[in-house]
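Structure file entry-v2.csv with CSV, C-alpha atoms and all ligand atoms:
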```csv
chain,number,residue,atom,x,y,z
U,72,LEU,CA,-26.5,-69.9,77.4
U,73,ILE,CA,-27.6,-66.4,78.2
U,74,ASP,CA,-29.3,-65.4,75.1
U,75,HIS,CA,-30.0,-66.6,71.5
U,76,GLN,CA,-31.7,-65.5,68.4
U,77,GLY,CA,-33.1,-67.9,65.8
U,78,SER,CA,-33.3,-71.7,65.4
U,79,ASP,CA,-33.2,-74.3,62.7
U,80,LEU,CA,-36.1,-72.5,61.1
U,81,SER,CA,-34.1,-69.2,60.8
U,82,VAL,CA,-31.5,-71.0,58.6
U,83,ALA,CA,-34.2,-72.5,56.3
U,84,ARG,CA,-35.9,-69.1,56.1
U,85,ALA,CA,-32.7,-67.2,55.3
U,86,ALA,CA,-31.9,-69.7,52.5
U,87,ARG,CA,-35.3,-69.6,51.0
U,88,VAL,CA,-35.2,-65.9,50.3
U,89,SER,CA,-32.7,-66.8,47.6
U,90,TYR,CA,-35.5,-68.0,45.4
U,91,GLU,CA,-38.2,-66.0,47.1
U,92,ALA,CA,-40.1,-69.1,48.2
U,93,ALA,CA,-42.7,-68.6,50.8
U,94,TRP,CA,-41.7,-69.2,54.4
U,95,ARG,CA,-42.9,-72.5,55.3
U,96,ALA,CA,-42.9,-71.5,59.0
U,97,GLY,CA,-41.6,-74.9,60.0
U,98,LYS,CA,-44.6,-76.7,58.8
U,99,ASP,CA,-42.6,-79.0,56.5
U,100,VAL,CA,-39.8,-80.1,58.9
U,101,GLY,CA,-38.6,-82.8,56.7
U,102,SER,CA,-38.0,-80.4,53.8
U,103,ASP,CA,-36.3,-77.9,56.1
U,104,ALA,CA,-33.9,-80.7,57.3
U,105,LYS,CA,-33.1,-81.7,53.8
U,106,LEU,CA,-32.4,-78.1,52.8
U,107,ILE,CA,-30.2,-77.5,55.9
U,108,ARG,CA,-28.1,-80.6,55.1
U,109,TYR,CA,-27.8,-79.5,51.5
U,110,LEU,CA,-26.7,-76.0,52.5
U,111,TRP,CA,-24.0,-77.3,54.8
U,112,THR,CA,-22.8,-80.0,52.4
U,113,HIS,CA,-22.5,-77.4,49.6
U,114,GLU,CA,-20.8,-74.8,51.8
U,115,HIS,CA,-23.7,-72.4,51.4
U,116,THR,CA,-22.9,-71.1,54.9
U,117,SER,CA,-24.4,-67.6,55.2
U,118,PRO,CA,-27.9,-68.8,56.3
U,119,PHE,CA,-26.2,-70.3,59.3
U,120,GLU,CA,-25.2,-66.8,60.3
U,121,ALA,CA,-28.9,-66.0,60.9
U,122,VAL,CA,-28.7,-67.7,64.3
U,123,THR,CA,-26.7,-66.2,67.2
U,124,PHE,CA,-25.9,-67.3,70.7
U,125,THR,CA,-24.4,-65.5,73.8
U,126,PHE,CA,-22.7,-67.7,76.4
U,127,GLU,CA,-21.5,-66.8,79.9
U,128,VAL,CA,-18.2,-68.6,80.4
U,129,LYS,CA,-16.2,-69.1,83.5
U,130,ALA,CA,-12.9,-70.8,82.6
U,131,PRO,CA,-9.2,-70.9,83.5
U,132,ILE,CA,-7.2,-68.2,81.7
U,133,PHE,CA,-5.4,-70.8,79.6
U,134,VAL,CA,-8.7,-71.9,78.2
U,135,LEU,CA,-9.9,-68.4,77.5
U,136,ARG,CA,-6.6,-67.7,75.8
U,137,GLN,CA,-7.3,-70.6,73.4
U,138,TRP,CA,-10.9,-69.6,73.0
U,139,GLN,CA,-10.2,-66.0,72.2
U,140,ARG,CA,-8.0,-67.0,69.2
U,141,HIS,CA,-11.3,-67.4,67.5
U,142,ARG,CA,-11.7,-63.9,66.0
U,143,THR,CA,-15.2,-64.4,64.7
U,144,TRP,CA,-16.7,-64.3,68.2
U,145,SER,CA,-17.4,-61.1,70.2
U,146,TYR,CA,-16.1,-61.0,73.8
U,147,ASN,CA,-16.4,-59.1,77.0
U,148,GLU,CA,-14.2,-60.3,79.9
U,149,VAL,CA,-13.9,-59.3,83.5
U,150,SER,CA,-11.1,-56.8,83.9
U,151,ALA,CA,-8.5,-57.5,86.5
U,152,ARG,CA,-7.6,-53.9,86.2
U,153,TYR,CA,-11.0,-52.9,87.5
U,154,THR,CA,-11.6,-55.6,90.0
U,155,GLU,CA,-9.6,-58.0,92.2
U,156,LEU,CA,-9.8,-61.6,91.1
U,157,PRO,CA,-11.1,-64.1,93.6
U,158,GLU,CA,-8.9,-67.0,94.6
U,159,GLU,CA,-10.2,-69.6,92.2
U,160,PHE,CA,-7.8,-71.7,90.2
U,161,TYR,CA,-8.2,-74.9,88.1
U,162,VAL,CA,-6.7,-78.1,89.5
U,163,PRO,CA,-6.8,-81.1,87.1
U,164,SER,CA,-7.8,-84.4,88.6
U,165,ALA,CA,-5.0,-86.8,89.4
U,166,GLU,CA,-6.2,-89.3,86.8
U,167,ASN,CA,-6.4,-86.6,84.1
U,168,VAL,CA,-2.8,-85.2,84.3
U,169,GLY,CA,-1.2,-88.0,82.3
U,170,GLU,CA,2.3,-87.2,80.9
U,171,GLN,CA,3.7,-85.3,77.9
U,172,ALA,CA,2.6,-87.1,74.7
U,173,THR,CA,5.4,-88.7,72.7
U,174,LYS,CA,3.6,-88.6,69.3
U,175,ASN,CA,2.0,-85.2,69.6
U,176,LYS,CA,4.2,-82.4,70.8
U,177,GLN,CA,1.3,-80.3,72.1
U,178,GLY,CA,-0.7,-82.9,73.8
U,179,ARG,CA,-0.7,-85.4,76.7
U,180,GLN,CA,-1.1,-89.1,77.0
U,181,PRO,CA,-2.4,-91.3,79.8
U,182,SER,CA,0.1,-92.4,82.4
U,183,ALA,CA,0.2,-94.9,85.2
U,184,LEU,CA,2.2,-92.5,87.4
U,185,ASP,CA,0.5,-91.3,90.6
U,186,ARG,CA,0.3,-87.5,90.4
U,187,THR,CA,-1.2,-86.9,93.9
U,188,GLY,CA,2.0,-85.5,95.4
U,189,GLU,CA,2.8,-83.2,92.4
U,190,LEU,CA,-0.8,-81.9,92.5
U,191,PHE,CA,-0.2,-80.9,96.1
U,192,SER,CA,2.8,-78.9,94.9
U,193,TYR,CA,0.8,-77.4,92.0
U,194,ARG,CA,-1.9,-76.3,94.5
U,195,ILE,CA,0.7,-74.8,96.9
U,196,ALA,CA,2.2,-72.8,94.0
U,197,CYS,CA,-1.1,-71.4,93.0
U,198,GLU,CA,-2.0,-70.5,96.6
U,199,ALA,CA,1.4,-68.9,97.1
U,200,ALA,CA,0.8,-66.8,93.9
U,201,PHE,CA,-2.6,-65.6,95.3
U,202,ASP,CA,-0.9,-64.8,98.7
U,203,THR,CA,1.6,-62.6,96.9
U,204,TYR,CA,-1.2,-61.0,94.8
U,205,ARG,CA,-2.9,-60.0,98.0
U,206,GLU,CA,0.3,-58.8,99.6
U,207,LEU,CA,1.0,-56.5,96.7
U,208,LEU,CA,-2.6,-55.2,96.7
U,209,ASP,CA,-2.4,-54.6,100.5
U,210,ALA,CA,0.9,-52.7,99.8
U,211,GLY,CA,-1.0,-50.4,97.4
U,212,TRP,CA,0.1,-51.9,94.1
U,213,PRO,CA,-2.3,-51.1,91.2
U,214,ARG,CA,-4.5,-54.1,90.3
U,215,GLU,CA,-3.2,-54.0,86.7
U,216,LEU,CA,0.3,-55.0,87.9
U,217,ALA,CA,-0.4,-57.1,90.9
U,218,ARG,CA,-2.4,-59.5,88.8
U,219,ASN,CA,0.8,-60.4,86.9
U,220,VAL,CA,1.9,-62.9,89.5
U,221,LEU,CA,-1.3,-65.0,89.1
U,222,PRO,CA,-1.1,-68.4,87.3
U,223,LEU,CA,-2.7,-69.3,84.0
U,224,ALA,CA,-4.9,-71.7,86.0
U,225,THR,CA,-6.8,-68.7,87.5
U,226,TYR,CA,-10.5,-68.6,86.6
U,227,SER,CA,-11.7,-65.7,84.6
U,228,HIS,CA,-15.2,-64.9,83.3
U,229,MET,CA,-16.6,-63.6,80.0
U,230,PHE,CA,-19.6,-63.2,77.8
U,231,ALA,CA,-19.1,-64.5,74.3
U,232,THR,CA,-21.4,-64.0,71.3
U,233,VAL,CA,-21.1,-66.0,68.1
U,234,ASN,CA,-23.2,-66.9,65.1
U,235,LEU,CA,-23.9,-70.6,64.3
U,236,ARG,CA,-21.6,-70.8,61.3
U,237,ASN,CA,-18.6,-69.6,63.3
U,238,LEU,CA,-19.7,-71.7,66.3
U,239,ALA,CA,-19.6,-74.8,64.0
U,240,HIS,CA,-16.1,-73.9,63.0
U,241,PHE,CA,-15.1,-73.5,66.7
U,242,LEU,CA,-16.7,-76.8,67.6
U,243,SER,CA,-15.0,-78.7,64.8
U,244,LEU,CA,-11.6,-77.5,66.1
U,245,ARG,CA,-12.2,-77.7,69.8
U,246,LEU,CA,-14.1,-81.0,69.9
U,247,ASP,CA,-11.3,-82.6,68.1
U,248,PRO,CA,-9.0,-84.8,70.1
U,249,HIS,CA,-6.0,-82.6,69.2
U,250,ALA,CA,-7.6,-79.7,71.2
U,251,GLN,CA,-6.6,-79.5,74.8
U,252,TRP,CA,-8.9,-81.7,77.0
U,253,GLU,CA,-10.1,-78.8,79.1
U,254,ILE,CA,-11.4,-76.7,76.1
U,255,GLN,CA,-12.9,-79.9,74.7
U,256,GLN,CA,-15.1,-80.0,77.8
U,257,TYR,CA,-16.3,-76.5,77.1
U,258,ALA,CA,-17.0,-77.3,73.5
U,259,LYS,CA,-19.1,-80.3,74.6
U,260,ALA,CA,-21.0,-78.1,76.9
U,261,LEU,CA,-21.8,-75.6,74.1
U,262,THR,CA,-23.0,-78.5,71.9
U,263,PHE,CA,-25.3,-79.7,74.7
U,264,LEU,CA,-26.6,-76.1,75.3
U,265,ILE,CA,-27.5,-75.4,71.6
U,266,GLY,CA,-28.8,-78.9,70.9
U,267,PRO,CA,-32.4,-78.2,71.7
U,268,ILE,CA,-32.3,-74.9,69.6
U,269,VAL,CA,-30.6,-76.1,66.4
U,270,PRO,CA,-30.9,-80.0,66.4
U,271,VAL,CA,-31.2,-80.2,62.6
U,272,CYS,CA,-28.1,-78.0,62.0
U,273,LEU,CA,-26.1,-80.0,64.6
U,274,ASP,CA,-27.0,-83.2,62.7
U,275,ALA,CA,-26.0,-81.6,59.4
U,276,PHE,CA,-22.6,-80.7,60.9
U,277,ARG,CA,-22.2,-84.3,62.1
U,278,ILE,CA,-23.2,-85.9,58.8
U,279,ASN,CA,-20.4,-84.0,57.1
U,280,GLY,CA,-17.9,-85.1,59.7
U,281,GLU,CA,-17.3,-81.5,60.9
U,282,LEU,CA,-18.3,-82.6,64.4
U,283,PRO,CA,-17.6,-85.9,66.1
J,1,LIG,C1,-5.3,-78.0,68.3
J,1,LIG,C2,-4.9,-76.6,68.1
J,1,LIG,C3,-3.6,-76.2,68.3
J,1,LIG,C4,-3.3,-74.8,68.1
J,1,LIG,N1,-2.0,-74.4,68.4
J,1,LIG,C5,-1.6,-73.2,68.2
J,1,LIG,C6,-0.3,-72.7,68.5
J,1,LIG,O1,0.6,-73.5,68.8
J,1,LIG,N2,0.0,-71.4,68.3
J,1,LIG,C7,-0.9,-70.5,67.9
J,1,LIG,O2,-0.6,-69.3,67.8
J,1,LIG,N3,-2.2,-70.9,67.7
J,1,LIG,C8,-2.6,-72.2,67.8
J,1,LIG,N4,-3.9,-72.5,67.5
J,1,LIG,C9,-4.9,-71.5,67.2
J,1,LIG,C10,-5.2,-71.6,65.6
J,1,LIG,O3,-4.0,-71.3,64.9
J,1,LIG,C11,-6.3,-70.6,65.3
J,1,LIG,O4,-5.8,-69.3,65.6
J,1,LIG,C12,-7.5,-70.8,66.1
J,1,LIG,O5,-7.9,-72.2,66.1
J,1,LIG,C13,-8.7,-70.0,65.5
J,1,LIG,O6,-9.0,-70.6,64.3
J,1,LIG,P1,-9.5,-69.7,63.1
J,1,LIG,O7,-8.6,-68.7,62.7
J,1,LIG,O8,-9.9,-70.7,61.9
J,1,LIG,O9,-10.9,-69.1,63.7
J,1,LIG,P2,-11.5,-67.7,63.6
J,1,LIG,O10,-10.5,-66.7,64.1
J,1,LIG,O11,-12.9,-67.7,64.3
J,1,LIG,O12,-11.7,-67.4,62.1
J,1,LIG,C14,-12.7,-68.2,61.4
J,1,LIG,C15,-12.3,-68.2,59.9
J,1,LIG,O13,-12.4,-66.8,59.5
J,1,LIG,C16,-11.3,-66.6,58.5
J,1,LIG,N5,-10.5,-65.5,59.1
J,1,LIG,C17,-10.6,-64.9,60.3
J,1,LIG,N6,-9.7,-64.0,60.4
J,1,LIG,C18,-8.9,-64.0,59.3
J,1,LIG,C19,-7.8,-63.3,58.8
J,1,LIG,N7,-7.2,-62.3,59.5
J,1,LIG,N8,-7.3,-63.6,57.6
J,1,LIG,C20,-7.8,-64.5,56.9
J,1,LIG,N9,-8.9,-65.3,57.2
J,1,LIG,C21,-9.4,-65.0,58.4
J,1,LIG,C22,-10.6,-67.9,58.4
J,1,LIG,O14,-11.2,-68.6,57.3
J,1,LIG,C23,-10.9,-68.6,59.6
J,1,LIG,O15,-10.8,-70.0,59.6
J,1,LIG,C24,-4.3,-73.9,67.7
J,1,LIG,C25,-5.6,-74.3,67.5
J,1,LIG,C26,-5.9,-75.6,67.6
J,1,LIG,C27,-7.4,-76.1,67.4
```
Could you write out this structure as structure tokens?
Amino acid sequence: LIDHQGSDLSVARAARVSYEAAWRAGKDVGSDAKLIRYLWTHEHTSPFEAVTFTFEVKAPIFVLRQWQRHRTWSYNEVSARYTELPEEFYVPSAENVGEQATKNKQGRQPSALDRTGELFSYRIACEAAFDTYRELLDAGWPRELARNVLPLATYSHMFATVNLRNLAHFLSLRLDPHAQWEIQQYAKALTFLIGPIVPVCLDAFRINGELP
């Protein structure tokens, strides 16, 4: 978490302007919590936009590709046109590979198969891609084309800014077991990072079943 503006109190304050009530400056925490739960339950969501967060994210390109489908965030990502990408790529753990799910066409399911040998091939393929990348750069290829040989497992890096309302929506989709396991881990990390700042809002999202 690089930066944030606001907290639970900002949500209560933004809502109370509707009826010109005095700010309670967080003195009546119980009342703020009740109000926040009421707002979320009744889809009075604009007060949740009073809180914003900026995260610095390092993740494999396939995770960032899923993440950036969320159009309500603002992003700035490292440009592989400007700069060479370091040789860093994601390798799943052998226990976490599993196999293609039979009930969910997009997902995976646990498997008793030993994936150690295949993971060796996976790693060799990624290393070979980076070898080619460097060969092309050494031969004078422009960075914007040489990068095309790199795998989706390559780590990239971005700053991402979002307000709390849209973050709640992201979390509801990406903490869900239907989301890919890897992006679920990032969603869990975000929940952990914002927990101390908006604990009451997080509880409200959970009460309504938006978050697990
Ligand atoms: C498990 C899972 C599987 C997925 N599989 C695929 C897939 O196979 N292929 C694929 O292409 N995508 C896939 N997606 C991406 C998905 O379709 C959404 O693009 C992504 O989850 C972002 O959701 P969103 O549009 O609600 O969020 P945001 O873009 O953050 O938008 C938030 C909300 O704003 C509103 N909004 C934003 N932009 C518009 C707009 N232009 N018009 C109308 N309303 C708008 C909507 O109410 C939207 O819910 C998948 C997502 C998940 C979670």
* Asked: Which chains and residue numbers are within 8 Å of ligand LIG 1 (chain J), counting only C-alpha atoms and all ligand atoms, if I want them as a list of chain:residue names?
  ->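 Those residues are U:Gln137, U:Trp138, U:Gln139, U:Arg140, U:His141, U:Arg142, U:Thr143, U:Trp144, U:Gln177, U:Asn237, U:His240, U:Phe241, U:Leu244, U:Arg245, U:Asp247, U:Pro248, U:His249, U:Ala250, U:Gln251.
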Between U:Glu155, U:Asn147, U:Leu110, U:Arg186, which is the closest to Asp209 (chain U) once you count only C-alpha atoms?
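The closest residue to Asp209 (chain U) is U:Glu155.
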Atom pair CA of Pro118 (chain U) + CA of Tyr257 (chain U), distance 25.0 Å
Residues proximal to (2.2, -63.3, 94.2) were defined as those with any atom within 12 Å of that point in the file's coordinates, counting all atoms listed in the file. Which are they, as a tab-separated table (two decimals) with C-alpha atoms, keeping the file's coordinate frame?
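Produced file result38.tsv, reproduced below:
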```
chain	number	residue	atom	x	y	z
U	158	GLU	CA	-8.90	-67.00	94.60
U	195	ILE	CA	0.70	-74.80	96.90
U	196	ALA	CA	2.20	-72.80	94.00
U	197	CYS	CA	-1.10	-71.40	93.00
U	198	GLU	CA	-2.00	-70.50	96.60
U	199	ALA	CA	1.40	-68.90	97.10
U	200	ALA	CA	0.80	-66.80	93.90
U	201	PHE	CA	-2.60	-65.60	95.30
U	202	ASP	CA	-0.90	-64.80	98.70
U	203	THR	CA	1.60	-62.60	96.90
U	204	TYR	CA	-1.20	-61.00	94.80
U	205	ARG	CA	-2.90	-60.00	98.00
U	206	GLU	CA	0.30	-58.80	99.60
U	207	LEU	CA	1.00	-56.50	96.70
U	208	LEU	CA	-2.60	-55.20	96.70
U	209	ASP	CA	-2.40	-54.60	100.50
U	212	TRP	CA	0.10	-51.90	94.10
U	216	LEU	CA	0.30	-55.00	87.90
U	217	ALA	CA	-0.40	-57.10	90.90
U	218	ARG	CA	-2.40	-59.50	88.80
U	219	ASN	CA	0.80	-60.40	86.90
U	220	VAL	CA	1.90	-62.90	89.50
U	221	LEU	CA	-1.30	-65.00	89.10
U	222	PRO	CA	-1.10	-68.40	87.30
```
The distance between CA of Ala210 (chain U) and CA of Ile132 (chain U) is 25.2 Å
- Task: Name the closest residue to Pro270 (chain U) among the candidates U:Val128, U:Ala224, U:Val134, U:Leu235; distances are taken between atoms, counting only C-alpha atoms.
- Result: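 Closest to Pro270 (chain U) of all the choices is U:Leu235.
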re CA of Leu238 (chain U) and CA of Glu114 (chain U): distance 14.9 Å
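Residue nearest Leu282 (chain U), chosen from U:Ala183, U:Ile265, U:Leu242, U:Ile107 and counting all atoms listed in the file: U:Leu242.
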Restricting to all atoms listed in the file, whichever of U:His115, U:Phe263, U:Ser192, U:Thr123 is closest to Gln76 (chain U) is U:Thr123
Rank nothing, just name the residue among U:Ser150, U:Asn234, U:Thr112, U:Ser102 nearest to Ser78 (chain U), using all atoms listed in the file.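 Smallest distance to Ser78 (chain U) is found for U:Asn234.
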Task: Using all atoms listed in the file: which of U:Glu148, U:Glu170, U:Glu281, U:Glu253 has the shortest distance to His228 (chain U) - done: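 Among U:Glu148, U:Glu170, U:Glu281, U:Glu253, it is U:Glu148 that comes nearest to His228 (chain U).
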